[in-house]
>>> print(open('run20.cif').read())   # mmCIF, C-alpha atoms
data_query
#
loop_
_atom_site.label_atom_id
_atom_site.label_comp_id
_atom_site.auth_asym_id
_atom_site.auth_seq_id
_atom_site.Cartn_x
_atom_site.Cartn_y
_atom_site.Cartn_z
CA VAL K 1 0.00 0.00 0.00
CA ASP K 2 1.38 3.40 -0.95
CA ARG K 3 0.45 5.28 2.23
CA ARG K 4 1.63 8.60 0.83
CA ALA K 5 -0.91 8.32 -1.98
CA LEU K 6 -3.82 7.98 0.45
CA PRO K 7 -5.87 11.09 1.22
CA ALA K 8 -5.48 12.70 4.62
CA PRO K 9 -7.91 11.27 7.18
CA GLU K 10 -10.93 13.38 8.01
CA ALA K 11 -12.64 13.48 11.37
CA ALA K 12 -16.03 11.81 11.00
CA GLY K 13 -18.64 14.48 11.59
CA ALA K 14 -16.44 16.51 13.91
CA PRO K 15 -16.16 20.18 13.01
CA ALA K 16 -12.61 21.32 12.37
CA GLU K 17 -11.24 23.61 15.04
CA ALA K 18 -10.36 27.11 13.96
CA TYR K 19 -6.73 27.64 13.06
CA VAL K 20 -4.79 29.39 15.82
CA ALA K 21 -1.43 30.73 14.68
CA PRO K 22 1.72 30.21 16.75
CA ARG K 23 2.24 32.99 19.31
CA THR K 24 5.88 32.51 20.27
CA GLU K 25 9.11 31.75 18.47
CA THR K 26 9.11 28.26 20.02
CA GLU K 27 5.57 27.56 18.79
CA LEU K 28 6.45 28.91 15.34
CA ARG K 29 9.52 26.64 15.03
CA LEU K 30 7.52 23.63 16.26
CA ALA K 31 4.68 24.37 13.81
CA GLU K 32 7.21 24.53 10.95
CA ILE K 33 8.73 21.20 12.00
CA TRP K 34 5.28 19.59 12.32
CA ALA K 35 4.24 20.87 8.89
CA ALA K 36 7.39 19.41 7.33
CA VAL K 37 7.07 16.05 9.08
CA LEU K 38 3.35 15.72 8.37
CA ARG K 39 3.64 17.23 4.88
CA VAL K 40 0.83 19.70 5.50
CA GLU K 41 0.68 23.37 4.58
CA ARG K 42 0.26 24.80 8.08
CA VAL K 43 -0.17 23.69 11.65
CA GLY K 44 -1.88 25.67 14.40
CA ILE K 45 -1.05 25.48 18.07
CA GLY K 46 -4.16 23.43 18.87
CA ASP K 47 -3.91 20.97 15.97
CA ASP K 48 -3.54 17.35 17.05
CA PHE K 49 -0.54 15.50 15.60
CA PHE K 50 -2.49 12.27 15.11
CA ALA K 51 -5.59 13.97 13.69
CA LEU K 52 -3.31 15.52 11.05
CA GLY K 53 -2.18 12.06 9.94
CA GLY K 54 0.66 11.42 12.38
CA HIS K 55 1.54 7.92 13.53
CA SER K 56 4.24 6.30 15.65
CA LEU K 57 6.94 6.38 12.94
CA LEU K 58 6.27 10.05 12.21
CA ALA K 59 6.30 10.69 15.96
CA MET K 60 9.86 9.31 16.01
CA ARG K 61 10.80 11.62 13.14
CA LEU K 62 9.16 14.56 14.92
CA ALA K 63 11.01 13.91 18.18
CA SER K 64 14.30 13.67 16.28
CA ARG K 65 13.75 16.95 14.45
CA VAL K 66 12.67 18.77 17.61
CA ARG K 67 15.80 17.45 19.32
CA GLN K 68 17.90 18.68 16.41
CA ALA K 69 16.26 22.11 16.21
CA PHE K 70 16.12 22.87 19.91
CA GLY K 71 19.04 20.89 21.24
CA ALA K 72 16.74 19.43 23.88
CA GLU K 73 15.89 15.79 24.50
CA LEU K 74 12.23 15.21 23.75
CA PRO K 75 11.05 11.76 24.80
CA LEU K 76 8.90 10.00 22.22
CA ARG K 77 6.26 9.63 24.91
CA ALA K 78 5.86 13.45 24.92
CA VAL K 79 4.39 13.34 21.40
CA PHE K 80 1.66 11.00 22.64
CA GLU K 81 1.07 12.85 25.90
CA ARG K 82 1.09 16.36 24.42
CA PRO K 83 0.03 15.96 20.77
CA THR K 84 -0.39 19.68 20.05
CA VAL K 85 2.16 22.36 19.24
CA GLY K 86 1.02 24.34 22.27
CA GLY K 87 1.37 21.33 24.56
CA MET K 88 4.79 20.42 23.23
CA ALA K 89 6.02 24.03 23.39
CA ALA K 90 5.31 24.00 27.13
CA LEU K 91 7.90 21.21 27.49
CA LEU K 92 10.67 23.29 25.93
CA PRO K 93 12.39 26.12 27.80
CA ALA K 94 11.32 29.54 26.48
CA GLY K 95 13.67 31.13 23.99
CA MET K 96 15.65 27.93 23.47
CA VAL K 97 17.53 28.20 20.18
CA SER K 98 20.44 26.16 18.91
CA GLU K 99 22.77 26.40 15.93
CA ALA K 100 20.64 23.75 14.24
CA ASP K 101 17.64 26.06 14.62
CA ALA K 102 19.41 28.71 12.57
CA ILE K 103 20.10 26.17 9.84
CA GLY K 104 16.53 24.88 9.78
CA ALA K 105 14.68 21.81 10.93
CA ALA K 106 15.51 19.60 7.95
CA ALA K 107 16.94 16.27 9.06
CA PRO K 108 20.19 15.07 7.50
CA ALA K 109 19.85 12.92 4.39
CA LEU K 110 20.93 9.78 6.23
CA GLU K 111 18.19 10.18 8.83
CA ASP K 112 15.59 10.67 6.08
CA GLN K 113 16.80 7.50 4.34
CA LEU K 114 16.55 5.50 7.55
CA LEU K 115 13.08 6.81 8.33
CA GLU K 116 11.87 6.15 4.78
CA GLY K 117 13.05 2.57 5.28
CA LEU K 118 10.93 2.43 8.42
CA ASP K 119 7.95 3.75 6.44
CA ALA K 120 8.32 0.75 4.12
CA LEU K 121 7.83 -1.74 6.97
CA SER K 122 4.61 -3.69 7.17
CA ASP K 123 2.16 -2.98 9.99
CA ALA K 124 3.10 -6.33 11.58
CA ASP K 125 6.80 -5.43 11.51
CA VAL K 126 6.05 -2.03 13.06
CA GLU K 127 4.00 -3.63 15.85
CA ARG K 128 6.80 -6.14 16.54
CA LEU K 129 9.45 -3.40 16.68
CA LEU K 130 7.33 -1.17 18.91
CA ALA K 131 6.69 -4.09 21.26
CA GLU K 132 10.43 -4.64 21.51
CA LEU K 133 10.92 -0.95 22.41
CA SER K 134 8.18 -0.94 25.02
CA PRO K 135 9.47 -1.50 28.57
CA ASP K 136 6.72 -3.97 29.43
CA GLY K 137 6.72 -5.75 26.06
CA SER K 138 3.27 -4.50 25.12
CA PRO K 139 2.76 -2.60 21.87
CA ALA K 140 3.48 1.10 22.23
CA PRO K 141 0.59 3.50 21.40
#
>>> encode(input="run20.cif", output="structure tokens")
Amino acid sequence: VDRRALPAPEAAGAPAEAYVAPRTETELRLAEIWAAVLRVERVGIGDDFFALGGHSLLAMRLASRVRQAFGAELPLRAVFERPTVGGMAALLPAGMVSEADAIGAAAPALEDQLLEGLDALSDADVERLLAELSPDGSPAP
């Protein structure tokens, strides 16, 4: 299945929330990273990562790019616990900027190649790998 060719999921019957633009530099940088990772035009501070088409492999990519841009360790769990730009921004110290931030949030080519390889895995392979990463052996969310 070519997942990239599938249309973006739509919430069944739920009205879309109004777009709320980023208010701080941190929120703006996060929104840019999210838009690049999710391949969407724009992301507001209240938009949900998973409602925009995110999944566990993209969450790994997101955490890596946030780490690169902000120079701060962002646990993968944070993407699941705070799936909005506003929620994630609260985890990062205000005004945090690194040299990587000045360059942009694009991941190095090697990282993109590795993550594209992960995208090619079957759902069963993904579940098996996530179960191996989970501390209790159960599939990760």
>>> resolve_selection(input="run20.cif", expression="the PyMOL selection byres ((chain K and resi 36) around 12)", output="number ranges by chain")
K: 29-35, 37-43, 52, 54, 58, 61-62, 65-66, 104-107
>>> residues_around(input="run20.cif", residues="Ala59 (chain K)", least_positions_apart="6", cutoff="12 Å", atoms="all atoms listed in the file", output="number ranges by chain")
K: 33-34, 37-38, 48-50, 52-53, 65-66, 74-84, 115, 119, 140-141
>>> atom_distance(input="run20.cif", atom1="CA of Leu121 (chain K)", atom2="CA of Gln68 (chain K)")
24.6 Å
>>> atom_distance(input="run20.cif", atom1="CA of Glu116 (chain K)", atom2="CA of Ala90 (chain K)")
29.3 Å
>>> residues_around(input="run20.cif", residues="Gly44 (chain K)", least_positions_apart="3", cutoff="7 Å", atoms="only C-alpha atoms", output="list in words")
Tyr19, Val20, Ala21, Pro22, Ala31 and Asp47 of chain K
>>> write_last_selection(input="run20.cif", atoms="C-alpha atoms", output="short mmCIF file (atom, residue, chain, number, x, y, z; two decimals), in the coordinates of the input")
data_model
loop_
_atom_site.label_atom_id
_atom_site.label_comp_id
_atom_site.auth_asym_id
_atom_site.auth_seq_id
_atom_site.Cartn_x
_atom_site.Cartn_y
_atom_site.Cartn_z
CA TYR K 19 -6.73 27.64 13.06
CA VAL K 20 -4.79 29.39 15.82
CA ALA K 21 -1.43 30.73 14.68
CA PRO K 22 1.72 30.21 16.75
CA ALA K 31 4.68 24.37 13.81
CA ASP K 47 -3.91 20.97 15.97
#
>>> atom_distance(input="run20.cif", atom1="CA of Ala8 (chain K)", atom2="CA of Ala63 (chain K)")
21.4 Å
>>> closest_residue(input="run20.cif", among="K:Ala5, K:Glu25, K:Ser56, K:Leu92", to="Leu129 (chain K)", atoms="all atoms listed in the file")
K:Ser56
